[in-house]
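Visitor: Input: one structure, supplied below.
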Number of protein chains: 2
Amino acid sequence: MTAISGKNFIAGARCANGTTPHRSVDASTGEALPWTFWQASAEEVDQACDAAAAAAARFRSTSPGQRADFLDAVAAEIDALGEDFVAIVCRETALPSARIQGEQKRTTGQLRLFAEVLRRGDFLGARIDSALPERLPLPRPDLRQYKIGIGPVAVFGASNFPLAFSTAGGDTASAFAAGCPVVFKAHSGHMATSELVAGAITRAVERCGLPAGVFSMIYGSGVGEQLVKHPRIKAVGFTGSLKGGRALCDMAAARKEPIPVFAEMSSINPVIVLPRAAERRGVVIAGQLADSIVLGCGQFCTNPGLVLGLRSPAFSAFGEVLGSALQGKPAQTMLNAGTLRSYQCGSQHLQDTDGIRLLAEGAADGQAPARLFGADQRLLLEGDEVLQEEVFGPASVLIALDDKAALLRGLEAMQGQLTVTLIGDDEDLEAFAELIPLLEDKAGRLLVNGYPTGVEVADGMVHGGPYPATSDARGTSVGSLAIERWLRPVCYQNFPDSALPDALKRDNPLGITRLVNGRASTAAA
Amino acid sequence: MTAISGKNFIAGARCANGTTPHRSVDASTGEALPWTFWQASAEEVDQACDAAAAAAARFRSTSPGQRADFLDAVAAEIDALGEDFVAIVCRETALPSARIQGEQKRTTGQLRLFAEVLRRGDFLGARIDSALPERLPLPRPDLRQYKIGIGPVAVFGASNFPLAFSTAGGDTASAFAAGCPVVFKAHSGHMATSELVAGAITRAVERCGLPAGVFSMIYGSGVGEQLVKHPRIKAVGFTGSLKGGRALCDMAAARKEPIPVFAEMSSINPVIVLPRAAERRGVVIAGQLADSIVLGCGQFCTNPGLVLGLRSPAFSAFGEVLGSALQGKPAQTMLNAGTLRSYQCGSQHLQDTDGIRLLAEGAADGQAPARLFGADQRLLLEGDEVLQEEVFGPASVLIALDDKAALLRGLEAMQGQLTVTLIGDDEDLEAFAELIPLLEDKAGRLLVNGYPTGVEVADGMVHGGPYPATSDARGTSVGSLAIERWLRPVCYQNFPDSALPDALKRDNPLGITRLVNGRASTAAA
């Protein structure tokens with residue numbers, strides 16, 4: 001079996017100076033796996049952050065092409081992780097191997113998408129205003145602007161995507177693309193997986209001749225706080241719970257030098273089934289929706305946790321079919337015992353709430369059963385917190401509303417979401433067109449006649465949204481726009497050409513499109 | 001004289017339901033001006049925020065061209081404010097009328113620049129990934145993304161630019177351009193000025209048939225806290241002191257729903273005079289630098305507050321000429337008595353610091369004299385806070401460093417700045433090239449052989465920088481990029497063409513450049 005040392009990755013070196021051991025667990029059986037991981041000591045966290053800061057200027061000054069090669073090298077190293085690797089991920093997460101292989105491809109595809117973004121060069125945001133020496137009353141100086149990496153980024157991986165949202169996931173890939181060194185805090189749910197991926201990144205750093213401080217990875221609980229408070233860290237990426245994300249935001253905001261945190265946290269992803277669609281194809285929709293609800297055992301950020309419609313015989317019938325479909329779903333193993341516990345706990349909390357009842361439940365067998373709850377519209381109209389709380393697992397809450405006015409009021413009362421979905425026929429979409437501006441206010445991604453699970457890695461994707469879906473609606477953690485979170489603009493005034501970065505040199509050596517005196521141009525300027 | 005009512009502007013209506021009066025003061029004489037301004041009541045603040053929220057969806061859905069027309073209309077209304085207006089601004093701020101007339105032009109020029117940005121359409125960030133129905137293992141949906149206004153923005157004006165950084169200043173103009181309603185908190189230093197500008201904006205809102213909630217303005221002290229904590233407000237713009245800006249950031253971060261704050265706060269704008277330049281043209285540089293230090297009585301965010309060089313006879317001679325030049329400058333009236341008091345207080349604090357001494361002082365005459373202080377390099381190397389504290393007024397601190405290594409260490413220890421300037425000849429810039437990556441880390445704008453006062457309103461400008469220069473280095477408060485602060489991306493998945501915003505419709509009715517399947521294109525998609 002692949003060797004796992006359990007040591008931290010500190011700027012290319014492997015260290016275990018701490019004294020607190022952690023064990024990884026087989027997610028299906030609960031038994032401890034044979035490796036010990038050593039929590040990073042305070043000195044090791046310091047070393048990682050200092051090395052990241054020392055590497056920052058050189059890393060961000062590499063050409064976009066060099067960073068693209070680096071991302072391709074990381075992708076190739078991860079592609080090369082074979083069956084042993086997949087087996088370890090499966091043991092640590094109880095996810096099926098086909099899903100892990102798919103996620104491995106998604107992760108390397110994501111790295112390669114950022115390589116493309118780098119070669120395209122639009123992320124640089126190059127802008128040039130030529131000098132106007134004759135302008136009155138005062139001459140205009142030569143002004144040139146582009147975007148550079150913000151500095152070392154602390155990234156916290158998610159448990160539910162041990163590859164695509166973890167060590168070499170979207171936050172790490174986009175930070176690297178921006179030219180920012182990453183100090184990664186390994187998730188306790190898949191430490192051996194993280195070690196193997198960190199090894200792949202470290203080999204790529206070496207192969208590309210980059211400073212070793214470009215990447216570090218630390219193990220442990222409690223080390224995250226030191227990381228977020230470390231003066232060398234300039235931004236934070238996080239995917240996880242509202243409680244965890246908000247705690248990081250509060251720490252970052254209270255620093256002497258506050259730093260931005262991009263936390264993707266809590267979303268219940270409402271699906272609105274409009275009347276005509278419910279009438280004409282309620283059975284088909286119910287089947288598709290049930291599949292989306294149980295996909296990955298409901299362990300997706302975009303799992304549809306709320307289903308809304310207008311009260312009618314057709315919507316009632318739809319609800320019954322949805323319930324039956326979920327009843328027929330087999331139980332699934334969750335990521336770990338803690339996740340199952342919180343799923344049961346969240347379900348119980350729903351069931352104990354006045355106005356909510358369990359409508360249908362699938363098989364359990366000591367694992368996670370699919371569940372459909374019904375809730376009174378009052379809870380939505382009053383903006384009850386119970387509906388906003390994400391119950392992480394294969395569950396959804398169904399609500400029938402009296403009429404369109406109630407639907408509008410209910411959506412208005414709702415908090416921020418990653419996604420909102422409209423299922424509707426053409427007449428529906430016309431009759432409910434006024435929903436759309438409201439949904440724009442509430443979510444980062446709006447879907448028509450689809451299901452929110454399945455987050456495409458693409459230029460157009462937004463995996464973000466108003467609080468509490470994320471901590472900052474201006475970012476996305478999936479898709480190429482994710483790079484913008486880690487960039488800041490710098491202006492060079494009256495610089496001699498030789499002292500300018502390539503992106504802004506007169507002859508445009510990178511051959512990128514630049515905004516020159518208000519017009520897009522690839523010409524010399 | 002122009003009529004001033006002293007009432008708040010609440011979504012097009014004039015209200016004064018509060019009971020706390022405020023008086024505006026003649027900045028030169030200290031005497032109270034004949035108008036009473038009524039602090040907004042809590043209900044009035046609520047009304048302004050609720051009206052802004054109610055107007056938000058309609059305002060952000062206007063076409064970029066409609067918003068451009070609106071900005072042009074605001075500019076025309078402000079252009080039409082005549083001599084009476086200028087006289088009032090001069091009385092409230094003690095700024096000379098030529099400066100006010102220039103600032104009036106700058107303000108309307110800024111509004112018109114954003115109108116151009118709107119017509120150009122690149123701020124929309126339109127991105128399209130076409131559906132790939134045949135893709136395996138899963139089809140790709142149609143994904144379309146663009147950026148929309150974040151929602152109502154609270155703007156706090158600065159005292160030092162009563163027009164360009166106030167009621168219709170850069171924050172308001174960029175928020176309007178983004179499609180965000182603005183609730184403006186008038187600065188107590190120029191309430192009559194603010195009333196006249198708010199009237200101009202209100203007339204433009206009416207003329208353009210926009211919802212009245214697009215703009216409100218409130219008077220008073222303490223109302224800012226309610227504004228920043230109001231659940232309808234989604235972002236904050238501020239220009240002012242570090243203490244004031246940080247307080248707003250802390251309030252915003254502690255909200256149930258935290259919101260972004262773009263605060264431009266404190267910068268001492270180091271100017272580094274390199275050895276050859278000091279040797280060859282020290283006298284000329286000293287004269288130009290002295291002019292920059294006293295410009296606008298030193299009341300500019302980018303005033304050069306720190307002058308660095310390597311210890312040498314030439315640098316000593318340069319310092320002497322700089323001191324003499326400042327000694328010869330006449331005293332100037334500051335914006336108000338409070339500003340003069342804090343200038344005196346800040347100067348005294350410098351003088352009382354061990355290692356700092358007064359080198360030269362201009363005429364006083366009960367007003368603000370120009371001052372040059374000398375400081376030991378130790379204070380810079382140790383990152384002493386006394387050097388970071390902006391002394392708002394015509395003062396600067398001169399430091400001679402032992403050698404290049406000391407200069408590098410001193411800059412490394414320095415906090416974030418709006419600007420850093422290098423004065424150097426070609427050989428200097430070559431010999432000191434390693435400074436540049438360090439300066440990029442420290443400031444939003446880097447100048448060569450210029451002076452930081454004078455902030456061009458242009459596409460390429462960055463008026464921002466790492467904390468404490470601003471609260472978020474990823475923004476700028478001057479120049480067209482300022483619009484990005486108020487935008488968030490939204491993705492539309494599988495939307496029928498008719499339900500898409502114009503920016504994303506198949507036939508590209510706005511005629512903008514879009515990123516279509518990874519390539520810039522104006523074609524249908």
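In the structure tokens, chains take letters A, B, ... by order of appearance, with residues numbered from 1 within each chain and ligands from 1 in the order shown.
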List every residue of stretch 247-385 of chain B that DSSP, applied to the backbone, labels as strand (DSSP E), and write the result as a list of chain:residue names.

Guide: B:Val261, B:Phe262, B:Ala263, B:Glu264, B:Pro270, B:Val271, B:Ile272, B:Val273, B:Leu306, B:Val307, B:Leu308, B:Gly309, B:Leu310, B:Ile356, B:Arg357, B:Leu358, B:Leu359, B:Ala360, B:Glu361, B:Arg371, B:Leu372, B:Phe373, B:Gly374, B:Ala375

Visitor: Print the selection's residues with C-alpha atoms to a file, as a PDB file, in the first residue's frame.

Guide:
```pdb
ATOM      1  CA  VAL B 261     -16.863  48.024   3.433  1.00  0.00           C
ATOM      2  CA  PHE B 262     -14.576  49.943   1.118  1.00  0.00           C
ATOM      3  CA  ALA B 263     -12.915  52.461   3.388  1.00  0.00           C
ATOM      4  CA  GLU B 264     -10.096  54.673   2.182  1.00  0.00           C
ATOM      5  CA  PRO B 270       6.476  57.591   1.018  1.00  0.00           C
ATOM      6  CA  VAL B 271       8.672  59.305  -1.546  1.00  0.00           C
ATOM      7  CA  ILE B 272      12.063  57.642  -2.030  1.00  0.00           C
ATOM      8  CA  VAL B 273      14.739  59.926  -3.425  1.00  0.00           C
ATOM      9  CA  LEU B 306       7.481  60.525   4.406  1.00  0.00           C
ATOM     10  CA  VAL B 307      10.652  61.251   2.425  1.00  0.00           C
ATOM     11  CA  LEU B 308      13.341  58.580   2.344  1.00  0.00           C
ATOM     12  CA  GLY B 309      16.876  58.518   0.976  1.00  0.00           C
ATOM     13  CA  LEU B 310      20.324  57.095   1.570  1.00  0.00           C
ATOM     14  CA  ILE B 356      11.994  62.892  15.774  1.00  0.00           C
ATOM     15  CA  ARG B 357      12.766  66.617  15.608  1.00  0.00           C
ATOM     16  CA  LEU B 358      11.318  69.622  13.807  1.00  0.00           C
ATOM     17  CA  LEU B 359      13.708  70.631  11.004  1.00  0.00           C
ATOM     18  CA  ALA B 360      11.848  73.513   9.432  1.00  0.00           C
ATOM     19  CA  GLU B 361       8.580  75.380   9.836  1.00  0.00           C
ATOM     20  CA  ARG B 371       6.552  71.619   8.594  1.00  0.00           C
ATOM     21  CA  LEU B 372       9.445  69.298   7.943  1.00  0.00           C
ATOM     22  CA  PHE B 373      10.423  66.776  10.591  1.00  0.00           C
ATOM     23  CA  GLY B 374      13.516  64.601  10.697  1.00  0.00           C
ATOM     24  CA  ALA B 375      13.372  61.079  12.101  1.00  0.00           C
TER      25      ALA B 375
END
```

Visitor: Residues within 9 Å of B:Thr167, please, as an NGL selection string. Count only C-alpha atoms; anything in the same chain fewer than 3 positions from it doesn't count.

Guide: :B and (155-157 or 162-164 or 170-172 or 184-187 or 193-195 or 197-198 or 201 or 217)

Visitor: Keeping all heavy atoms, export the residues of the selection given above as a CSV table (one decimal), in the first residue's frame.

Guide:
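Saved file selection.csv follows:
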```
chain,number,residue,atom,x,y,z
B,155,VAL,N,-23.0,55.5,1.5
B,155,VAL,CA,-21.8,56.2,1.2
B,155,VAL,C,-21.6,57.3,2.2
B,155,VAL,O,-22.5,58.1,2.6
B,155,VAL,CB,-21.8,56.8,-0.2
B,155,VAL,CG1,-20.6,57.7,-0.5
B,155,VAL,CG2,-21.9,55.7,-1.3
B,156,PHE,N,-20.3,57.4,2.7
B,156,PHE,CA,-19.9,58.5,3.6
B,156,PHE,C,-18.9,59.3,2.9
B,156,PHE,O,-17.9,58.9,2.5
B,156,PHE,CB,-19.2,57.8,4.9
B,156,PHE,CG,-20.1,57.0,5.8
B,156,PHE,CD1,-20.6,55.8,5.3
B,156,PHE,CD2,-20.6,57.5,7.0
B,156,PHE,CE1,-21.4,55.0,6.2
B,156,PHE,CE2,-21.4,56.8,7.8
B,156,PHE,CZ,-21.9,55.5,7.4
B,157,GLY,N,-19.2,60.6,2.8
B,157,GLY,CA,-18.4,61.5,2.1
B,157,GLY,C,-17.2,62.0,3.0
B,157,GLY,O,-17.2,61.9,4.2
B,162,PRO,N,-15.0,68.3,-1.0
B,162,PRO,CA,-16.5,68.4,-0.7
B,162,PRO,C,-17.4,68.1,-1.9
B,162,PRO,O,-18.6,67.9,-1.8
B,162,PRO,CB,-16.6,69.9,-0.3
B,162,PRO,CG,-15.4,70.6,-0.9
B,162,PRO,CD,-14.3,69.6,-0.9
B,163,LEU,N,-16.7,68.0,-3.1
B,163,LEU,CA,-17.5,67.6,-4.3
B,163,LEU,C,-17.0,66.2,-4.8
B,163,LEU,O,-17.8,65.3,-4.9
B,163,LEU,CB,-17.3,68.7,-5.4
B,163,LEU,CG,-17.7,70.1,-5.0
B,163,LEU,CD1,-17.5,71.0,-6.1
B,163,LEU,CD2,-19.2,70.1,-4.5
B,164,ALA,N,-15.8,66.1,-5.1
B,164,ALA,CA,-15.3,64.9,-5.8
B,164,ALA,C,-15.3,63.6,-4.9
B,164,ALA,O,-15.3,62.5,-5.5
B,164,ALA,CB,-13.9,65.1,-6.3
B,170,GLY,N,-16.9,59.9,-6.2
B,170,GLY,CA,-16.6,58.7,-6.9
B,170,GLY,C,-17.4,57.5,-6.4
B,170,GLY,O,-17.7,56.6,-7.1
B,171,ASP,N,-17.6,57.4,-5.0
B,171,ASP,CA,-18.3,56.3,-4.5
B,171,ASP,C,-19.8,56.3,-5.0
B,171,ASP,O,-20.3,55.3,-5.4
B,171,ASP,CB,-18.3,56.3,-3.0
B,171,ASP,CG,-16.9,55.8,-2.4
B,171,ASP,OD1,-16.2,55.2,-3.2
B,171,ASP,OD2,-16.7,56.1,-1.2
B,172,THR,N,-20.4,57.4,-4.9
B,172,THR,CA,-21.8,57.5,-5.4
B,172,THR,C,-21.9,57.3,-6.9
B,172,THR,O,-22.7,56.5,-7.4
B,172,THR,CB,-22.3,59.0,-5.1
B,172,THR,OG1,-22.3,59.2,-3.7
B,172,THR,CG2,-23.8,59.1,-5.6
B,184,PHE,N,-26.8,58.4,1.2
B,184,PHE,CA,-25.6,59.2,1.4
B,184,PHE,C,-25.7,59.8,2.8
B,184,PHE,O,-26.7,60.5,3.1
B,184,PHE,CB,-25.4,60.2,0.3
B,184,PHE,CG,-24.1,61.0,0.5
B,184,PHE,CD1,-22.9,60.4,0.0
B,184,PHE,CD2,-24.0,62.2,1.1
B,184,PHE,CE1,-21.7,61.0,0.2
B,184,PHE,CE2,-22.8,62.9,1.2
B,184,PHE,CZ,-21.6,62.3,0.8
B,185,LYS,N,-24.6,59.7,3.6
B,185,LYS,CA,-24.6,60.4,4.8
B,185,LYS,C,-23.7,61.7,4.6
B,185,LYS,O,-22.5,61.6,4.3
B,185,LYS,CB,-23.9,59.5,5.9
B,185,LYS,CG,-23.1,60.1,7.0
B,185,LYS,CD,-23.9,60.5,8.2
B,185,LYS,CE,-23.0,61.1,9.3
B,185,LYS,NZ,-22.4,62.3,8.8
B,186,ALA,N,-24.4,62.8,4.7
B,186,ALA,CA,-23.7,64.1,4.5
B,186,ALA,C,-22.6,64.4,5.5
B,186,ALA,O,-22.8,64.1,6.7
B,186,ALA,CB,-24.7,65.3,4.5
B,187,HIS,N,-21.5,64.9,5.1
B,187,HIS,CA,-20.4,65.2,6.0
B,187,HIS,C,-20.7,66.5,6.7
B,187,HIS,O,-21.2,67.5,6.1
B,187,HIS,CB,-19.1,65.4,5.2
B,187,HIS,CG,-17.9,65.3,6.1
B,187,HIS,ND1,-17.5,66.4,6.9
B,187,HIS,CD2,-17.0,64.3,6.4
B,187,HIS,CE1,-16.5,66.1,7.6
B,187,HIS,NE2,-16.1,64.8,7.3
B,193,THR,N,-23.3,72.6,1.1
B,193,THR,CA,-22.8,72.1,-0.2
B,193,THR,C,-23.5,70.8,-0.6
B,193,THR,O,-24.0,70.6,-1.7
B,193,THR,CB,-21.3,71.8,0.0
B,193,THR,OG1,-20.6,73.0,0.3
B,193,THR,CG2,-20.7,71.3,-1.3
B,194,SER,N,-23.6,69.9,0.4
B,194,SER,CA,-24.2,68.6,0.2
B,194,SER,C,-25.7,68.7,-0.2
B,194,SER,O,-26.2,68.0,-1.1
B,194,SER,CB,-24.1,67.7,1.5
B,194,SER,OG,-22.8,67.4,1.8
B,195,GLU,N,-26.4,69.7,0.4
B,195,GLU,CA,-27.8,69.9,0.1
B,195,GLU,C,-27.9,70.3,-1.4
B,195,GLU,O,-28.8,69.8,-2.1
B,195,GLU,CB,-28.4,70.9,1.0
B,195,GLU,CG,-29.8,71.3,0.5
B,195,GLU,CD,-30.7,71.8,1.6
B,195,GLU,OE1,-30.5,71.5,2.8
B,195,GLU,OE2,-31.7,72.4,1.3
B,197,VAL,N,-25.9,69.7,-3.9
B,197,VAL,CA,-25.5,68.6,-4.8
B,197,VAL,C,-26.6,67.5,-4.7
B,197,VAL,O,-27.0,67.0,-5.8
B,197,VAL,CB,-24.2,68.0,-4.4
B,197,VAL,CG1,-23.9,66.8,-5.3
B,197,VAL,CG2,-23.1,69.1,-4.6
B,198,ALA,N,-27.2,67.3,-3.5
B,198,ALA,CA,-28.2,66.3,-3.4
B,198,ALA,C,-29.5,66.7,-4.2
B,198,ALA,O,-30.1,65.9,-4.9
B,198,ALA,CB,-28.6,66.1,-2.0
B,201,ILE,N,-28.8,65.8,-7.8
B,201,ILE,CA,-29.0,64.4,-8.1
B,201,ILE,C,-30.5,64.1,-8.1
B,201,ILE,O,-31.0,63.4,-9.0
B,201,ILE,CB,-28.3,63.5,-7.0
B,201,ILE,CG1,-26.8,63.7,-7.0
B,201,ILE,CG2,-28.7,62.0,-7.2
B,201,ILE,CD1,-26.1,63.1,-5.8
B,217,MET,N,-30.4,61.3,1.1
B,217,MET,CA,-29.2,61.8,1.8
B,217,MET,C,-29.7,62.2,3.2
B,217,MET,O,-30.8,62.9,3.4
B,217,MET,CB,-28.6,63.1,1.1
B,217,MET,CG,-27.4,63.6,1.8
B,217,MET,SD,-26.6,65.0,1.0
B,217,MET,CE,-27.6,66.3,1.6
```

Visitor: Atom CA of B:Ser292 and atom CA of B:Glu434, how far apart in Å?

Guide: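 Separation between atom CA of B:Glu434 and atom CA of B:Ser292: 26.4 Å.
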
Visitor: Please identify every residue of chain B that has at least one atom no more than 7 Å from any atom of chain A, counting only C-alpha atoms, and report them as a VMD selection string.

Guide: chain B and resid 57 127 to 129 143 to 145 253 257 437 444 to 448 459 to 462 467 473 to 474 487 to 495

Visitor: Looking only at the backbone, which of the residues in stretch 197-361 of chain A does DSSP tag as alpha helix (DSSP H), as a PyMOL selection string?

Guide: chain A and resi 197-207+223-229+242-254+275-294+313-327+337-352

Visitor: Quick check, in Å to one decimal: how far apart do atom CA of A:Asn269 and atom CA of A:Cys301 lie?

Guide: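 We find that atom CA of A:Asn269 and atom CA of A:Cys301 lie 8.5 Å from each other.
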
Visitor: Just to confirm, what's the straight-line distance from atom CA of B:Ala175 to atom CA of B:Pro231 in Å (one decimal)?

Guide: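 Computing the Euclidean distance for atom CA of B:Ala175 and atom CA of B:Pro231 yields 17.9 Å.
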
Visitor: Can you tell me which residues surround stretch 14-23 of chain B at a distance of at most 10 Å, considering only C-alpha atoms, apart from same-chain residues fewer than 3 positions away, and format the answer as an MDAnalysis selection string?

Guide: chainID B and resid 5:11 26 31:44 188:192 216:221

Visitor: For N, CA, C and O atoms, I'd like the residues from the last selection saved as a short mmCIF file (atom, residue, chain, number, x, y, z; two decimals), in the first residue's frame.

Guide:
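Result file selection.cif:
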```cif
data_model
loop_
_atom_site.label_atom_id
_atom_site.label_comp_id
_atom_site.auth_asym_id
_atom_site.auth_seq_id
_atom_site.Cartn_x
_atom_site.Cartn_y
_atom_site.Cartn_z
N SER B 5 -32.70 74.41 2.88
CA SER B 5 -33.79 74.11 3.82
C SER B 5 -33.32 73.32 5.03
O SER B 5 -34.00 73.26 6.05
N GLY B 6 -32.19 72.60 4.90
CA GLY B 6 -31.68 71.83 6.04
C GLY B 6 -32.43 70.52 6.28
O GLY B 6 -32.18 69.85 7.28
N LYS B 7 -33.33 70.17 5.35
CA LYS B 7 -34.08 68.92 5.52
C LYS B 7 -33.36 67.75 4.84
O LYS B 7 -32.66 67.93 3.85
N ASN B 8 -33.60 66.55 5.35
CA ASN B 8 -33.06 65.34 4.74
C ASN B 8 -33.74 65.07 3.40
O ASN B 8 -34.87 65.50 3.16
N PHE B 9 -33.05 64.37 2.54
CA PHE B 9 -33.61 63.92 1.25
C PHE B 9 -33.96 62.44 1.41
O PHE B 9 -33.05 61.59 1.43
N ILE B 10 -35.24 62.15 1.53
CA ILE B 10 -35.63 60.75 1.71
C ILE B 10 -36.39 60.32 0.46
O ILE B 10 -37.58 60.61 0.32
N ALA B 11 -35.70 59.65 -0.44
CA ALA B 11 -36.33 59.11 -1.65
C ALA B 11 -37.18 60.16 -2.35
O ALA B 11 -38.36 59.95 -2.62
N ASP B 26 -18.65 78.73 8.94
CA ASP B 26 -17.72 79.37 8.01
C ASP B 26 -16.31 78.90 8.38
O ASP B 26 -15.85 79.14 9.51
N GLU B 31 -17.51 81.30 12.31
CA GLU B 31 -18.88 81.73 12.68
C GLU B 31 -19.92 80.80 12.07
O GLU B 31 -19.72 80.23 11.00
N ALA B 32 -21.05 80.65 12.78
CA ALA B 32 -22.11 79.75 12.31
C ALA B 32 -22.78 80.36 11.08
O ALA B 32 -23.05 81.56 11.03
N LEU B 33 -23.05 79.55 10.11
CA LEU B 33 -23.77 80.00 8.91
C LEU B 33 -25.27 79.96 9.20
O LEU B 33 -25.71 79.30 10.15
N PRO B 34 -26.07 80.67 8.39
CA PRO B 34 -27.46 80.92 8.79
C PRO B 34 -28.43 79.76 8.61
O PRO B 34 -29.62 79.98 8.61
N TRP B 35 -27.95 78.54 8.43
CA TRP B 35 -28.89 77.45 8.16
C TRP B 35 -28.84 76.40 9.26
O TRP B 35 -27.79 76.13 9.82
N THR B 36 -30.00 75.77 9.48
CA THR B 36 -30.07 74.66 10.43
C THR B 36 -30.35 73.38 9.66
O THR B 36 -31.25 73.33 8.83
N PHE B 37 -29.57 72.37 9.94
CA PHE B 37 -29.75 71.06 9.32
C PHE B 37 -30.29 70.11 10.38
O PHE B 37 -29.81 70.11 11.51
N TRP B 38 -31.27 69.32 9.97
CA TRP B 38 -31.96 68.48 10.95
C TRP B 38 -31.49 67.04 10.85
O TRP B 38 -31.59 66.41 9.81
N GLN B 39 -30.94 66.57 11.95
CA GLN B 39 -30.48 65.18 11.98
C GLN B 39 -31.63 64.24 11.63
O GLN B 39 -32.75 64.39 12.12
N ALA B 40 -31.34 63.26 10.78
CA ALA B 40 -32.37 62.31 10.39
C ALA B 40 -32.82 61.50 11.60
O ALA B 40 -32.00 61.10 12.43
N SER B 41 -34.13 61.29 11.70
CA SER B 41 -34.65 60.44 12.77
C SER B 41 -34.42 58.98 12.37
O SER B 41 -34.17 58.67 11.20
N ALA B 42 -34.54 58.09 13.35
CA ALA B 42 -34.36 56.65 13.05
C ALA B 42 -35.37 56.22 11.99
O ALA B 42 -35.05 55.41 11.11
N GLU B 43 -36.57 56.78 12.04
CA GLU B 43 -37.59 56.41 11.05
C GLU B 43 -37.18 56.90 9.66
O GLU B 43 -37.40 56.23 8.66
N GLU B 44 -36.60 58.09 9.60
CA GLU B 44 -36.16 58.60 8.29
C GLU B 44 -35.04 57.74 7.69
O GLU B 44 -35.03 57.48 6.49
N SER B 188 -20.48 66.54 8.01
CA SER B 188 -20.86 67.71 8.81
C SER B 188 -20.07 68.95 8.41
O SER B 188 -20.46 70.07 8.73
N GLY B 189 -18.95 68.75 7.69
CA GLY B 189 -18.12 69.88 7.31
C GLY B 189 -18.66 70.70 6.15
O GLY B 189 -18.19 71.83 5.92
N HIS B 190 -19.60 70.17 5.41
CA HIS B 190 -20.13 70.94 4.27
C HIS B 190 -21.57 70.52 3.96
O HIS B 190 -21.87 70.01 2.89
N MET B 191 -22.45 70.78 4.92
CA MET B 191 -23.84 70.34 4.79
C MET B 191 -24.63 71.13 3.76
O MET B 191 -25.47 70.58 3.04
N ALA B 192 -24.33 72.42 3.63
CA ALA B 192 -25.05 73.22 2.63
C ALA B 192 -24.61 72.79 1.22
O ALA B 192 -25.43 72.63 0.31
N SER B 216 -30.99 58.89 -1.53
CA SER B 216 -31.40 59.61 -0.32
C SER B 216 -30.17 60.21 0.32
O SER B 216 -29.05 59.72 0.10
N MET B 217 -30.37 61.28 1.07
CA MET B 217 -29.24 61.85 1.82
C MET B 217 -29.72 62.23 3.21
O MET B 217 -30.76 62.87 3.36
N ILE B 218 -28.93 61.83 4.20
CA ILE B 218 -29.31 62.13 5.58
C ILE B 218 -28.21 62.96 6.26
O ILE B 218 -27.04 62.84 5.95
N TYR B 219 -28.66 63.82 7.18
CA TYR B 219 -27.74 64.63 7.99
C TYR B 219 -27.63 64.05 9.38
O TYR B 219 -28.53 63.35 9.85
N GLY B 220 -26.56 64.41 10.06
CA GLY B 220 -26.51 64.11 11.47
C GLY B 220 -25.29 63.32 11.89
O GLY B 220 -24.57 62.78 11.07
N SER B 221 -25.06 63.27 13.20
CA SER B 221 -23.98 62.44 13.71
C SER B 221 -24.64 61.26 14.41
O SER B 221 -25.72 61.38 14.97
#
```

Visitor: Closest to A:Val294 among A:Ala98, A:Ala337, A:Ala370, A:Leu322, using only C-alpha atoms?

Guide: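 Closest to A:Val294, using only C-alpha atoms: A:Ala370.
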
Visitor: Calculated over only C-alpha atoms, which of the candidates B:Ala368, B:Leu387, B:Ala178, B:Ile285 has the smallest distance to B:Lys329?

Guide: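 So, comparing all the options, the nearest one is B:Ala368.
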
Visitor: If you count only C-alpha atoms, which residues fall within 12 Å of B:Ser312, apart from same-chain ones fewer than 2 positions away, as a PyMOL selection string?

Guide: chain B and resi 273-276+278-279+282+308-310+314-319+399-403
